[in-house]
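Listing of my_file_2.txt; format and content: compact mmCIF, C-alpha atoms and all ligand atoms.
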```
# COMPACT_ATOMS: atom_id res chain seq x y z
CA MET G 1 -6.93 2.24 16.50
CA SER G 2 -8.22 5.09 14.36
CA SER G 3 -8.09 4.49 10.63
CA PRO G 4 -9.24 6.51 7.65
CA ASN G 5 -11.67 3.75 6.65
CA CYS G 6 -13.59 3.57 9.92
CA GLY G 7 -14.44 6.22 12.38
CA ARG G 8 -16.14 3.57 14.51
CA ARG G 9 -14.70 0.65 16.45
CA GLU G 10 -14.78 -2.71 14.66
CA ALA G 11 -17.95 -4.56 15.70
CA VAL G 12 -16.18 -7.90 16.10
CA SER G 13 -13.48 -7.55 18.74
CA ASP G 14 -13.70 -10.97 20.31
CA PRO G 15 -10.33 -12.73 19.94
CA GLY G 16 -12.10 -16.08 19.60
CA THR G 17 -14.01 -14.85 16.56
CA LEU G 18 -10.97 -13.37 14.85
CA ARG G 19 -8.86 -16.42 15.66
CA GLY G 20 -11.54 -18.64 14.14
CA GLU G 21 -11.61 -16.45 11.07
CA ALA G 22 -7.83 -16.63 10.80
CA ALA G 23 -7.95 -20.43 10.96
CA ALA G 24 -10.54 -20.53 8.17
CA LEU G 25 -8.50 -18.16 6.02
CA ASP G 26 -5.36 -20.25 6.56
CA ALA G 27 -7.20 -23.44 5.66
CA ALA G 28 -8.38 -21.87 2.39
CA ASP G 29 -5.01 -20.27 1.55
CA ALA G 30 -3.83 -21.39 -1.90
CA LEU G 31 -0.20 -20.59 -0.95
CA ARG G 32 -0.18 -22.29 2.47
CA ALA G 33 2.24 -25.07 1.42
CA LYS G 34 4.91 -22.48 0.58
CA ARG G 35 5.67 -21.64 4.21
CA ALA G 36 7.35 -25.02 4.70
CA GLU G 37 9.94 -24.00 2.10
CA PHE G 38 11.33 -21.33 4.48
CA VAL G 39 13.27 -21.41 7.73
CA LEU G 40 10.94 -19.74 10.25
CA ASP G 41 10.21 -20.02 13.97
CA ASP G 42 6.69 -20.96 14.97
CA ASP G 43 6.92 -18.84 18.12
CA THR G 44 7.89 -15.65 16.27
CA VAL G 45 5.70 -13.68 13.90
CA TYR G 46 8.07 -12.34 11.26
CA LEU G 47 6.63 -9.21 9.66
CA ASP G 48 9.90 -7.71 8.44
CA GLY G 49 10.19 -9.47 5.09
CA ASN G 50 9.90 -6.01 3.50
CA SER G 51 13.38 -5.34 4.91
CA LEU G 52 15.00 -8.80 4.87
CA GLY G 53 13.14 -11.84 3.53
CA ALA G 54 13.36 -15.18 5.35
CA LEU G 55 15.81 -17.89 4.31
CA PRO G 56 14.48 -20.42 1.77
CA ARG G 57 15.42 -23.95 2.85
CA ALA G 58 17.07 -24.77 -0.48
CA VAL G 59 19.74 -22.06 -0.16
CA PRO G 60 22.28 -23.57 2.30
CA ALA G 61 22.76 -26.81 0.34
CA ARG G 62 23.09 -24.95 -2.96
CA LEU G 63 25.64 -22.56 -1.45
CA ALA G 64 27.54 -25.47 0.05
CA ASP G 65 27.79 -26.98 -3.45
CA VAL G 66 28.84 -23.67 -5.01
CA VAL G 67 31.56 -23.24 -2.41
CA GLY G 68 32.66 -26.86 -2.03
CA ARG G 69 32.47 -28.16 -5.60
CA GLU G 70 32.23 -25.21 -8.00
CA TRP G 71 34.79 -23.03 -6.23
CA GLY G 72 36.61 -25.71 -4.25
CA ARG G 73 37.07 -28.34 -7.00
CA LEU G 74 36.41 -26.66 -10.35
CA ARG G 75 37.95 -23.33 -9.42
CA ILE G 76 38.47 -21.08 -12.50
CA ARG G 77 36.64 -23.56 -14.75
CA SER G 78 33.39 -22.63 -13.03
CA TRP G 79 33.20 -19.32 -14.89
CA SER G 80 32.22 -21.34 -17.94
CA GLU G 81 31.40 -24.88 -16.75
CA SER G 82 29.19 -23.79 -13.85
CA GLY G 83 27.70 -20.89 -15.78
CA TRP G 84 29.09 -18.21 -13.49
CA TRP G 85 29.88 -15.76 -16.28
CA THR G 86 26.33 -15.66 -17.63
CA ALA G 87 24.59 -15.93 -14.24
CA PRO G 88 23.71 -12.19 -14.04
CA GLU G 89 21.53 -12.48 -17.18
CA ARG G 90 20.24 -15.99 -16.41
CA VAL G 91 19.14 -14.99 -12.90
CA GLY G 92 17.89 -11.71 -14.38
CA ASP G 93 15.49 -13.65 -16.59
CA ARG G 94 14.17 -15.47 -13.52
CA VAL G 95 13.55 -12.16 -11.75
CA GLY G 96 12.03 -10.90 -15.00
CA ARG G 97 9.20 -13.40 -14.85
CA LEU G 98 8.24 -11.98 -11.45
CA VAL G 99 8.15 -8.34 -12.57
CA GLY G 100 6.64 -8.82 -16.02
CA ALA G 101 9.83 -8.58 -18.06
CA GLY G 102 10.56 -10.96 -20.93
CA PRO G 103 13.94 -12.66 -21.26
CA GLY G 104 16.89 -10.41 -22.02
CA ARG G 105 15.75 -7.26 -20.21
CA ILE G 106 17.17 -7.68 -16.71
CA VAL G 107 20.65 -8.08 -15.34
CA VAL G 108 21.34 -8.90 -11.69
CA GLY G 109 24.27 -7.30 -9.91
CA ASP G 110 25.50 -4.44 -7.76
CA SER G 111 23.23 -2.76 -5.22
CA THR G 112 19.99 -0.89 -5.87
CA SER G 113 21.85 2.31 -5.03
CA VAL G 114 24.42 1.68 -7.77
CA ASN G 115 21.75 0.67 -10.26
CA VAL G 116 19.81 3.88 -9.54
CA PHE G 117 22.95 5.78 -10.53
CA LYS G 118 23.41 3.83 -13.76
CA ALA G 119 19.73 4.14 -14.71
CA VAL G 120 19.33 7.85 -13.98
CA VAL G 121 22.52 8.92 -15.75
CA ALA G 122 21.79 6.65 -18.73
CA ALA G 123 18.26 8.10 -18.93
CA VAL G 124 19.61 11.66 -18.95
CA ARG G 125 22.08 10.70 -21.68
CA MET G 126 19.22 9.28 -23.77
CA GLY G 127 17.67 12.76 -23.83
CA GLU G 128 20.80 14.52 -25.05
CA GLY G 129 21.48 16.18 -28.34
CA ALA G 130 18.39 18.21 -29.15
CA GLY G 131 19.41 21.57 -27.71
CA ALA G 132 21.72 24.17 -29.18
CA GLY G 133 25.04 23.96 -27.40
CA GLY G 134 23.80 21.72 -24.67
CA ARG G 135 21.11 19.50 -23.33
CA ALA G 136 17.46 20.17 -24.17
CA ARG G 137 16.32 18.12 -21.20
CA ASP G 138 18.15 19.18 -18.09
CA GLU G 139 15.85 18.33 -15.23
CA ILE G 140 15.64 15.24 -13.02
CA LEU G 141 12.42 14.78 -11.08
CA VAL G 142 12.51 12.66 -7.98
CA ASP G 143 9.67 11.33 -5.85
CA ALA G 144 9.63 13.62 -2.78
CA GLY G 145 8.93 10.69 -0.45
CA THR G 146 11.66 8.54 -1.89
CA PHE G 147 13.84 6.14 0.04
CA PRO G 148 16.83 8.37 0.85
CA THR G 149 19.47 6.60 -1.22
CA ASP G 150 17.56 7.31 -4.46
CA GLY G 151 17.39 11.01 -3.61
CA TYR G 152 21.05 11.24 -2.70
CA ILE G 153 22.13 9.45 -5.86
CA ALA G 154 19.78 11.35 -8.15
CA ALA G 155 21.18 14.61 -6.72
CA SER G 156 24.71 13.45 -7.44
CA ALA G 157 23.68 12.30 -10.94
CA ALA G 158 22.21 15.77 -11.49
CA ARG G 159 25.48 17.45 -10.48
CA LEU G 160 27.48 15.14 -12.74
CA THR G 161 25.24 15.66 -15.77
CA GLY G 162 24.61 19.38 -15.34
CA CYS G 163 20.93 18.88 -14.60
CA ARG G 164 18.84 20.50 -11.92
CA ILE G 165 16.98 18.24 -9.53
CA ARG G 166 13.44 18.75 -8.29
CA ALA G 167 11.72 16.72 -5.59
CA VAL G 168 7.99 16.45 -6.30
CA PRO G 169 5.24 14.52 -4.48
CA VAL G 170 4.30 11.54 -6.63
CA GLY G 171 0.75 12.83 -7.01
CA ASP G 172 2.10 15.98 -8.69
CA LEU G 173 4.73 14.30 -10.89
CA ALA G 174 2.58 13.96 -14.00
CA ALA G 175 1.84 17.68 -13.98
CA ALA G 176 5.42 18.60 -13.08
CA ALA G 177 7.04 16.74 -16.00
CA GLY G 178 7.58 18.88 -19.07
CA PRO G 179 9.83 19.59 -22.06
CA ARG G 180 12.88 20.16 -19.83
CA THR G 181 12.43 16.88 -17.95
CA ALA G 182 14.97 14.22 -18.78
CA VAL G 183 13.86 11.60 -16.29
CA ALA G 184 11.57 10.98 -13.33
CA LEU G 185 12.72 8.58 -10.61
CA VAL G 186 9.80 7.09 -8.69
CA ASN G 187 9.33 4.47 -5.97
CA HIS G 188 6.62 1.98 -6.92
CA VAL G 189 5.66 1.46 -3.26
CA ASP G 190 6.46 4.09 -0.65
CA TYR G 191 8.76 2.47 1.92
CA ARG G 192 7.16 4.39 4.78
CA THR G 193 3.42 4.46 4.09
CA GLY G 194 3.14 1.36 1.90
CA ARG G 195 1.32 3.43 -0.75
CA LEU G 196 1.38 1.81 -4.21
CA HIS G 197 1.83 4.32 -7.00
CA ASP G 198 0.08 3.99 -10.35
CA LEU G 199 2.88 2.70 -12.57
CA PRO G 200 0.93 2.44 -15.83
CA ALA G 201 -0.64 5.92 -15.56
CA LEU G 202 2.51 7.70 -14.41
CA THR G 203 4.67 5.99 -17.01
CA ALA G 204 2.25 7.10 -19.73
CA ALA G 205 2.07 10.65 -18.37
CA VAL G 206 5.85 11.04 -18.22
CA HIS G 207 6.23 9.53 -21.68
CA ALA G 208 3.71 12.02 -23.04
CA THR G 209 6.20 14.78 -22.20
CA GLY G 210 9.02 12.92 -23.98
CA ALA G 211 10.84 12.16 -20.74
CA ARG G 212 12.04 8.82 -19.37
CA ILE G 213 10.93 7.12 -16.18
CA VAL G 214 12.93 4.97 -13.76
CA TRP G 215 10.93 2.90 -11.29
CA ASP G 216 12.37 1.67 -7.98
CA LEU G 217 10.67 -1.69 -7.39
CA CYS G 218 12.31 -2.56 -4.05
CA HIS G 219 8.96 -2.81 -2.26
CA SER G 220 6.93 -4.32 -5.08
CA ALA G 221 9.12 -7.00 -6.69
CA GLY G 222 7.77 -10.32 -5.42
CA ALA G 223 4.83 -8.66 -3.68
CA LEU G 224 2.57 -7.84 -6.62
CA PRO G 225 2.45 -8.01 -10.42
CA VAL G 226 4.43 -5.14 -11.96
CA GLY G 227 4.14 -5.51 -15.75
CA LEU G 228 7.32 -3.72 -16.85
CA ASP G 229 7.11 -4.73 -20.52
CA ALA G 230 3.34 -4.36 -20.72
CA HIS G 231 3.46 -0.77 -19.49
CA GLY G 232 6.46 0.32 -21.57
CA VAL G 233 8.63 1.23 -18.58
CA ASP G 234 12.02 2.60 -19.69
CA LEU G 235 14.24 1.54 -16.80
CA ALA G 236 13.71 -0.05 -13.41
CA VAL G 237 15.77 -1.14 -10.43
CA GLY G 238 15.00 -3.21 -7.39
CA CYS G 239 16.47 -5.21 -4.58
CA THR G 240 16.18 -8.96 -4.15
CA TYR G 241 16.60 -9.30 -0.38
CA LYS G 242 13.05 -8.30 0.55
CA TYR G 243 10.11 -10.18 -1.01
CA LEU G 244 12.45 -12.18 -3.27
CA ASN G 245 14.28 -13.58 -0.21
CA GLY G 246 17.74 -13.50 -1.81
CA GLY G 247 19.61 -12.91 1.46
CA PRO G 248 21.35 -10.01 3.19
CA GLY G 249 23.02 -7.79 0.62
CA ALA G 250 21.77 -9.96 -2.26
CA PRO G 251 22.51 -8.33 -5.61
CA ALA G 252 19.97 -5.95 -7.05
CA PHE G 253 18.50 -5.90 -10.56
CA LEU G 254 18.42 -3.44 -13.43
CA TYR G 255 15.78 -3.52 -16.18
CA VAL G 256 16.49 -1.81 -19.48
CA ARG G 257 13.68 -1.87 -22.05
CA ARG G 258 14.70 -3.90 -25.09
CA ASP G 259 14.68 -1.03 -27.62
CA LEU G 260 16.63 1.23 -25.24
CA GLN G 261 19.49 -1.21 -24.67
CA PRO G 262 21.52 0.00 -27.69
CA ARG G 263 21.15 3.57 -26.32
CA PHE G 264 22.11 2.69 -22.73
CA ASP G 265 25.27 4.74 -22.24
CA SER G 266 26.41 3.49 -18.83
CA PRO G 267 28.19 5.90 -16.49
CA LEU G 268 30.05 2.83 -15.16
CA PRO G 269 31.22 1.02 -18.30
CA GLY G 270 33.28 -1.74 -16.80
CA TRP G 271 34.83 -4.65 -18.64
CA ASN G 272 31.81 -6.87 -17.92
CA SER G 273 29.63 -4.65 -20.12
CA HIS G 274 32.13 -4.75 -22.99
CA ALA G 275 31.04 -6.51 -26.19
CA ASP G 276 34.23 -8.60 -25.97
CA PRO G 277 35.32 -8.62 -22.33
CA PHE G 278 38.25 -10.97 -22.84
CA GLY G 279 39.50 -8.98 -25.83
CA MET G 280 40.90 -6.56 -23.23
CA ALA G 281 40.63 -3.67 -25.67
CA PRO G 282 41.65 -0.21 -24.48
CA ASP G 283 38.32 1.34 -25.51
CA HIS G 284 34.89 0.37 -24.36
CA THR G 285 32.50 -1.08 -26.93
CA PRO G 286 29.16 -1.67 -25.19
CA ALA G 287 27.70 -5.16 -25.17
CA GLY G 288 24.22 -5.57 -26.59
CA GLY G 289 21.39 -6.93 -24.46
CA PRO G 290 21.02 -6.59 -20.71
CA GLN G 291 24.81 -6.97 -20.24
CA CYS G 292 24.91 -3.24 -21.01
CA GLY G 293 24.07 -2.79 -17.32
CA ARG G 294 26.93 -4.86 -15.94
CA VAL G 295 30.07 -3.31 -14.47
CA GLY G 296 32.66 -5.65 -12.94
CA THR G 297 32.98 -9.22 -11.72
CA PRO G 298 29.67 -10.48 -10.31
CA ASP G 299 29.40 -11.42 -6.64
CA ILE G 300 28.93 -15.12 -7.39
CA LEU G 301 28.17 -16.41 -3.89
CA SER G 302 25.36 -13.91 -3.30
CA LEU G 303 24.13 -14.22 -6.85
CA LEU G 304 23.82 -17.99 -6.64
CA ALA G 305 22.21 -17.82 -3.20
CA LEU G 306 19.59 -15.64 -4.88
CA ASP G 307 19.32 -18.14 -7.74
CA ALA G 308 18.53 -20.89 -5.25
CA ALA G 309 16.11 -18.63 -3.36
CA LEU G 310 14.18 -18.03 -6.57
CA ASP G 311 13.32 -21.75 -6.81
CA VAL G 312 10.40 -21.19 -4.43
CA TRP G 313 8.74 -19.08 -7.13
CA GLU G 314 8.76 -21.77 -9.83
CA ASP G 315 5.11 -22.77 -9.34
CA VAL G 316 3.85 -19.44 -8.00
CA ASP G 317 1.48 -17.14 -9.82
CA LEU G 318 1.86 -13.45 -8.92
CA THR G 319 -1.90 -12.90 -9.03
CA ALA G 320 -2.29 -15.41 -6.18
CA VAL G 321 0.46 -13.56 -4.29
CA ARG G 322 -1.31 -10.25 -4.77
CA ALA G 323 -4.68 -11.67 -3.70
CA LYS G 324 -3.18 -13.07 -0.51
CA SER G 325 -1.19 -9.93 0.17
CA LEU G 326 -4.34 -7.81 0.07
CA ALA G 327 -6.23 -10.33 2.20
CA LEU G 328 -3.42 -10.28 4.80
CA THR G 329 -3.24 -6.49 5.00
CA ASP G 330 -7.06 -6.19 5.06
CA PHE G 331 -7.21 -8.69 7.91
CA PHE G 332 -4.43 -6.95 9.83
CA LEU G 333 -6.24 -3.61 9.55
CA ARG G 334 -9.45 -5.23 10.82
CA CYS G 335 -7.71 -6.98 13.70
CA ALA G 336 -5.83 -3.81 14.66
CA GLU G 337 -9.11 -1.90 14.59
CA ALA G 338 -10.59 -4.49 16.92
CA TYR G 339 -7.69 -4.89 19.37
CA VAL G 340 -5.81 -1.61 19.56
CA PRO G 341 -7.14 0.99 21.99
CA ALA G 342 -8.67 3.97 20.20
CA GLY G 343 -6.34 6.89 19.56
CA ARG G 344 -3.03 5.03 20.02
CA VAL G 345 -2.23 4.44 16.35
CA VAL G 346 -3.60 5.54 13.01
CA SER G 347 -2.96 3.72 9.74
CA VAL G 348 -1.18 5.77 7.09
CA THR G 349 -1.48 2.94 4.56
CA PRO G 350 -4.16 3.50 1.92
CA VAL G 351 -7.39 1.57 2.31
CA ALA G 352 -7.98 1.28 -1.44
CA HIS G 353 -6.48 -1.93 -2.79
CA ALA G 354 -5.21 -0.17 -5.92
CA GLU G 355 -3.10 2.10 -3.69
CA ARG G 356 -1.70 -0.46 -1.24
CA GLY G 357 1.53 -2.45 -1.40
CA SER G 358 2.19 -5.37 0.94
CA GLN G 359 2.83 -3.55 4.19
CA VAL G 360 0.85 -1.63 6.77
CA ALA G 361 2.34 1.38 8.54
CA LEU G 362 0.76 2.63 11.73
CA LYS G 363 1.55 6.10 13.03
CA ALA G 364 1.93 6.02 16.78
CA ALA G 365 0.64 8.64 19.16
CA PRO G 366 2.54 10.05 20.87
CA ALA G 367 5.41 9.77 18.37
CA GLU G 368 7.95 9.08 21.14
CA ALA G 369 6.09 5.84 21.92
CA ALA G 370 6.86 4.30 18.52
CA ALA G 371 10.38 2.98 19.13
CA GLY G 372 9.49 1.57 22.56
CA THR G 373 6.34 -0.04 21.19
CA MET G 374 8.23 -1.86 18.46
CA ALA G 375 10.96 -2.94 20.87
CA GLU G 376 8.30 -4.42 23.18
CA LEU G 377 6.54 -6.10 20.26
CA VAL G 378 9.80 -7.73 19.21
CA ARG G 379 10.38 -8.84 22.81
CA ARG G 380 6.94 -10.49 22.69
CA GLY G 381 7.74 -12.29 19.44
CA VAL G 382 6.26 -9.98 16.81
CA VAL G 383 8.96 -8.60 14.53
CA GLY G 384 8.16 -5.50 12.52
CA ASP G 385 10.26 -2.37 12.35
CA HIS G 386 10.21 1.28 13.33
CA ARG G 387 10.86 4.13 10.92
CA PRO G 388 11.42 7.47 12.60
CA PRO G 389 9.84 9.42 13.93
CA ASP G 390 6.59 7.61 14.56
CA LEU G 391 5.90 4.74 12.15
CA LEU G 392 5.42 1.11 13.09
CA ARG G 393 5.92 -0.93 9.90
CA PHE G 394 4.54 -4.41 9.34
CA GLY G 395 5.48 -6.23 6.13
CA PHE G 396 3.37 -9.17 4.91
CA THR G 397 5.11 -11.77 2.77
CA PRO G 398 2.38 -13.83 1.10
CA LEU G 399 4.63 -16.85 0.61
CA TYR G 400 5.05 -17.44 4.33
CA THR G 401 2.88 -15.14 6.47
CA THR G 402 -0.22 -16.82 7.89
CA PHE G 403 -3.52 -15.25 8.89
CA GLY G 404 -3.05 -16.76 12.35
CA GLU G 405 0.17 -14.76 12.67
CA VAL G 406 -1.61 -11.61 11.53
CA GLU G 407 -4.23 -12.02 14.26
CA ARG G 408 -1.53 -12.66 16.87
CA ALA G 409 0.48 -9.62 15.76
CA ALA G 410 -2.49 -7.26 16.02
CA ARG G 411 -3.57 -8.76 19.36
CA THR G 412 -0.05 -8.36 20.75
CA LEU G 413 0.08 -4.78 19.50
CA GLY G 414 -3.19 -4.11 21.32
CA GLU G 415 -1.78 -5.67 24.49
CA VAL G 416 1.44 -3.65 24.29
CA LEU G 417 -0.38 -0.37 23.73
CA GLY G 418 -3.14 -1.16 26.22
CA ASP G 419 -1.19 -2.78 29.05
CA VAL G 420 2.33 -1.47 28.97
CA LEU G 421 2.35 2.03 27.60
CA THR G 422 -0.75 3.45 29.28
C1 LIG G 501 12.94 1.81 -2.04
C2 LIG G 501 14.37 1.48 -1.76
N1 LIG G 501 15.33 1.85 -2.62
C3 LIG G 501 16.62 1.59 -2.38
C4 LIG G 501 17.02 0.89 -1.27
C5 LIG G 501 18.48 0.72 -1.01
O1 LIG G 501 18.99 -0.39 -1.54
P1 LIG G 501 20.52 -0.78 -1.32
O2 LIG G 501 20.90 -0.41 0.07
O3 LIG G 501 20.49 -2.26 -1.47
O4 LIG G 501 21.32 -0.10 -2.34
C6 LIG G 501 16.04 0.42 -0.35
C7 LIG G 501 16.36 -0.35 0.87
O5 LIG G 501 17.37 -0.37 1.45
C8 LIG G 501 14.70 0.75 -0.60
O6 LIG G 501 13.75 0.39 0.25
N1 LIG G 502 19.04 -2.84 3.28
C1 LIG G 502 18.90 -2.83 4.62
C2 LIG G 502 20.00 -3.12 5.44
O1 LIG G 502 21.19 -3.42 4.85
C3 LIG G 502 19.87 -3.10 6.83
C4 LIG G 502 18.63 -2.82 7.38
C5 LIG G 502 17.52 -2.52 6.59
C6 LIG G 502 17.68 -2.49 5.21
C7 LIG G 502 16.56 -2.13 4.35
O2 LIG G 502 16.42 -2.70 3.32
C8 LIG G 502 15.67 -1.06 4.75
C9 LIG G 502 14.52 -0.96 3.80
N2 LIG G 502 14.93 -0.61 2.45
C10 LIG G 502 13.43 -0.02 4.22
O3 LIG G 502 12.44 0.04 3.52
O4 LIG G 502 13.50 0.62 5.25
```
Kindly present the structure from the file in structure tokens form.
Amino acid sequence: MSSPNCGRREAVSDPGTLRGEAAALDAADALRAKRAEFVLDDDTVYLDGNSLGALPRAVPARLADVVGREWGRLRIRSWSESGWWTAPERVGDRVGRLVGAGPGRIVVGDSTSVNVFKAVVAAVRMGEGAGAGGRARDEILVDAGTFPTDGYIAASAARLTGCRIRAVPVGDLAAAAGPRTAVALVNHVDYRTGRLHDLPALTAAVHATGARIVWDLCHSAGALPVGLDAHGVDLAVGCTYKYLNGGPGAPAFLYVRRDLQPRFDSPLPGWNSHADPFGMAPDHTPAGGPQCGRVGTPDILSLLALDAALDVWEDVDLTAVRAKSLALTDFFLRCAEAYVPAGRVVSVTPVAHAERGSQVALKAAPAEAAAGTMAELVRRGVVGDHRPPDLLRFGFTPLYTTFGEVERAARTLGEVLGDVLT
């Protein structure tokens, strides 16, 4: 492989040496016991937890109880007796611990896409009122490399609020924000390259202009410490089916900074965000606290599957997760350098730890080889994914990925590119 960090071939390319190193790293891994808490196949290397996390073993029994007893026997009583009604905030607090948010800042529900809409419109509304006859802040900035749904929704939010929208590369966002900016919407980790953006610095820079910032944490929640409260983030959204292993379509989360909650004017003020939902009043009076981000009836089965999935985190420290994540991605880059024929792929994931999330993306040459390469890798038991036109993505989930798997994945990639596609 060719990578920005080394113009030379890795000196150690002997599989025996790298396998031995992997075994030593696995033996010393502080998180190694966690893997047993997931349903995984020993003959498949699963490197797609950045798209859909693996199933935690505790989930099926918990769901069986929710369905059989809570729904089946208690029926309507479960809204109070089983804690269903308050589950979005209770589970939100559990997610909060993992992204550096104190209790009462996060609500779980809806999809990330829907929460992006709520957060961006609410942020624009927070900037209203200063201008003569209109809005002083009438610009929405969006990360130019954003996951598409954020861009689509921010554009629609702009149309609905009378703002203009501007897509700006994240590196230029601090300079681009100004007195007209209402809000900047930024991905914490780029879903394609795996680049980690500087949340503290960018939040401070956007705040210095008087604007708000919304962070999309889909690719960082559960992969690295985020520090939402510590860095004064205004609003954040994220999904729970990647590194948080909540299951396909698991509900997303919405963070609203404590002091902003009374000013959160939701564009989707459903009865669940009413101060007195069962009062059935004709007008909406917003609830205080994180409930301000709720809309309608929560999806209880998915929400409680997520609740059970979060049990694996009870004794986990995010700094240990981050340390292992960086060790896994470092080791993968070294193994790929050693095994992959020169010129076939180049890493587009930053080498600097401060700029790397928990995935590695390799750009294939020629681009047309990317889809076929990933299909062959999957056939040989290494599951990553392909993002068009030419990226091979490998996600590393510190709770269950082993260094032995990393070595096997890179070796198999080398075999596929060396043997099959030459
Ligand atoms: C960064 C990012 N934002 C948003 C989404 C979309 O989330 P959802 O489809 O759950 O609304 C995804 C993944 O699908 C994503 O990776
Ligand atoms: N949400 C997904 C889905 O419903 C099907 C397949 C993939 C996804 C994903 O999450 C994609 C992911 N956000 C990405 O980074 O590409």
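Candidate residues G:Leu228, G:Ala204, G:Val189, G:Val256 were compared for distance to Glu355 in chain G, and the nearest is G:Val189, using only C-alpha atoms.
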At most 9 Å from ligand LIG 502 (chain G) (all atoms listed in the file): residue list as number ranges by chain: G: 50-52, 147, 190-192, 218-219, 239, 241-242, 248-249, 385-387
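Here CA of Thr297 in chain G stands at a distance of 20.3 Å from CA of Asp65 in chain G.
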Which of G:His197, G:Arg32, G:Arg19, G:Arg97 sits closest to Ala320 in chain G [using all atoms listed in the file]: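 Ranked by minimum distance to Ala320 in chain G, first place goes to G:Arg32.
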Range 411-415 of chain G environment, 8 Å, all atoms listed in the file, sequence neighbours closer than 2 positions dropped, as a ChimeraX atom specification: /G:15,335-336,339-341,377,380,382,407-409,417-420
Counting all atoms listed in the file, the option among G:Gly178, G:Gly210, G:Gly247, G:Gly227 closest to ligand LIG 501 (chain G):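 For ligand LIG 501 (chain G), the nearest of the candidates is G:Gly247.
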Counting only C-alpha atoms, the residue of G:Asp48, G:Glu337, G:Glu368, G:Asp172 that sits nearest Gly384 in chain G: G:Asp48
Which residue of G:Arg263, G:Arg356, G:Arg35, G:Arg344 approaches Ala122 in chain G most closely, using all atoms listed in the file: G:Arg263
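Distance-wise, CA of Arg57 in chain G and CA of Arg90 in chain G end up 21.4 Å apart.
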Top pick for closest residue to Ala87 in chain G, considering G:Pro277, G:Gly270, G:Pro290, G:Gly72 and counting all atoms listed in the file: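 The closest residue to Ala87 in chain G is G:Pro290.
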Atomic distance CA of Trp215 in chain G - CA of Asn187 in chain G, expressed in Å with one decimal: 5.8 Å
Residues within 12 Å of Val214 in chain G, only C-alpha atoms, excluding chain neighbours under 3 positions, as a ChimeraX atom specification: /G:115-124,140-143,150,154,182-188,199,202-203,206-207,211,217,228,232-238,254-257
N, CA and C atoms of range 311-323 of chain G, written as a PDB file, in the first residue's frame:
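Once everything was written out, this is selection.pdb:
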```
ATOM      1  N   ASP G 311     -25.956  -2.000  28.411  1.00  0.00           N
ATOM      2  CA  ASP G 311     -25.406  -2.645  29.607  1.00  0.00           C
ATOM      3  C   ASP G 311     -23.920  -2.968  29.447  1.00  0.00           C
ATOM      4  N   VAL G 312     -23.486  -3.265  28.227  1.00  0.00           N
ATOM      5  CA  VAL G 312     -22.077  -3.648  28.048  1.00  0.00           C
ATOM      6  C   VAL G 312     -21.130  -2.505  28.427  1.00  0.00           C
ATOM      7  N   TRP G 313     -21.661  -1.294  28.461  1.00  0.00           N
ATOM      8  CA  TRP G 313     -20.809  -0.124  28.731  1.00  0.00           C
ATOM      9  C   TRP G 313     -20.644   0.167  30.210  1.00  0.00           C
ATOM     10  N   GLU G 314     -21.410  -0.534  31.057  1.00  0.00           N
ATOM     11  CA  GLU G 314     -21.463  -0.176  32.482  1.00  0.00           C
ATOM     12  C   GLU G 314     -20.088  -0.027  33.124  1.00  0.00           C
ATOM     13  N   ASP G 315     -19.165  -0.958  32.807  1.00  0.00           N
ATOM     14  CA  ASP G 315     -17.847  -0.925  33.453  1.00  0.00           C
ATOM     15  C   ASP G 315     -16.756  -0.476  32.477  1.00  0.00           C
ATOM     16  N   VAL G 316     -17.155   0.253  31.434  1.00  0.00           N
ATOM     17  CA  VAL G 316     -16.179   0.631  30.403  1.00  0.00           C
ATOM     18  C   VAL G 316     -15.839   2.116  30.499  1.00  0.00           C
ATOM     19  N   ASP G 317     -14.540   2.370  30.423  1.00  0.00           N
ATOM     20  CA  ASP G 317     -14.040   3.738  30.461  1.00  0.00           C
ATOM     21  C   ASP G 317     -13.694   4.149  29.019  1.00  0.00           C
ATOM     22  N   LEU G 318     -14.237   5.284  28.589  1.00  0.00           N
ATOM     23  CA  LEU G 318     -14.041   5.716  27.197  1.00  0.00           C
ATOM     24  C   LEU G 318     -12.565   5.971  26.852  1.00  0.00           C
ATOM     25  N   THR G 319     -11.755   6.280  27.850  1.00  0.00           N
ATOM     26  CA  THR G 319     -10.334   6.500  27.516  1.00  0.00           C
ATOM     27  C   THR G 319      -9.682   5.176  27.122  1.00  0.00           C
ATOM     28  N   ALA G 320     -10.121   4.068  27.731  1.00  0.00           N
ATOM     29  CA  ALA G 320      -9.594   2.756  27.338  1.00  0.00           C
ATOM     30  C   ALA G 320     -10.068   2.404  25.928  1.00  0.00           C
ATOM     31  N   VAL G 321     -11.305   2.783  25.619  1.00  0.00           N
ATOM     32  CA  VAL G 321     -11.858   2.534  24.276  1.00  0.00           C
ATOM     33  C   VAL G 321     -11.039   3.304  23.229  1.00  0.00           C
ATOM     34  N   ARG G 322     -10.771   4.554  23.541  1.00  0.00           N
ATOM     35  CA  ARG G 322     -10.011   5.387  22.599  1.00  0.00           C
ATOM     36  C   ARG G 322      -8.590   4.834  22.400  1.00  0.00           C
ATOM     37  N   ALA G 323      -7.963   4.428  23.511  1.00  0.00           N
ATOM     38  CA  ALA G 323      -6.595   3.905  23.407  1.00  0.00           C
ATOM     39  C   ALA G 323      -6.583   2.655  22.523  1.00  0.00           C
TER      40      ALA G 323
END
```
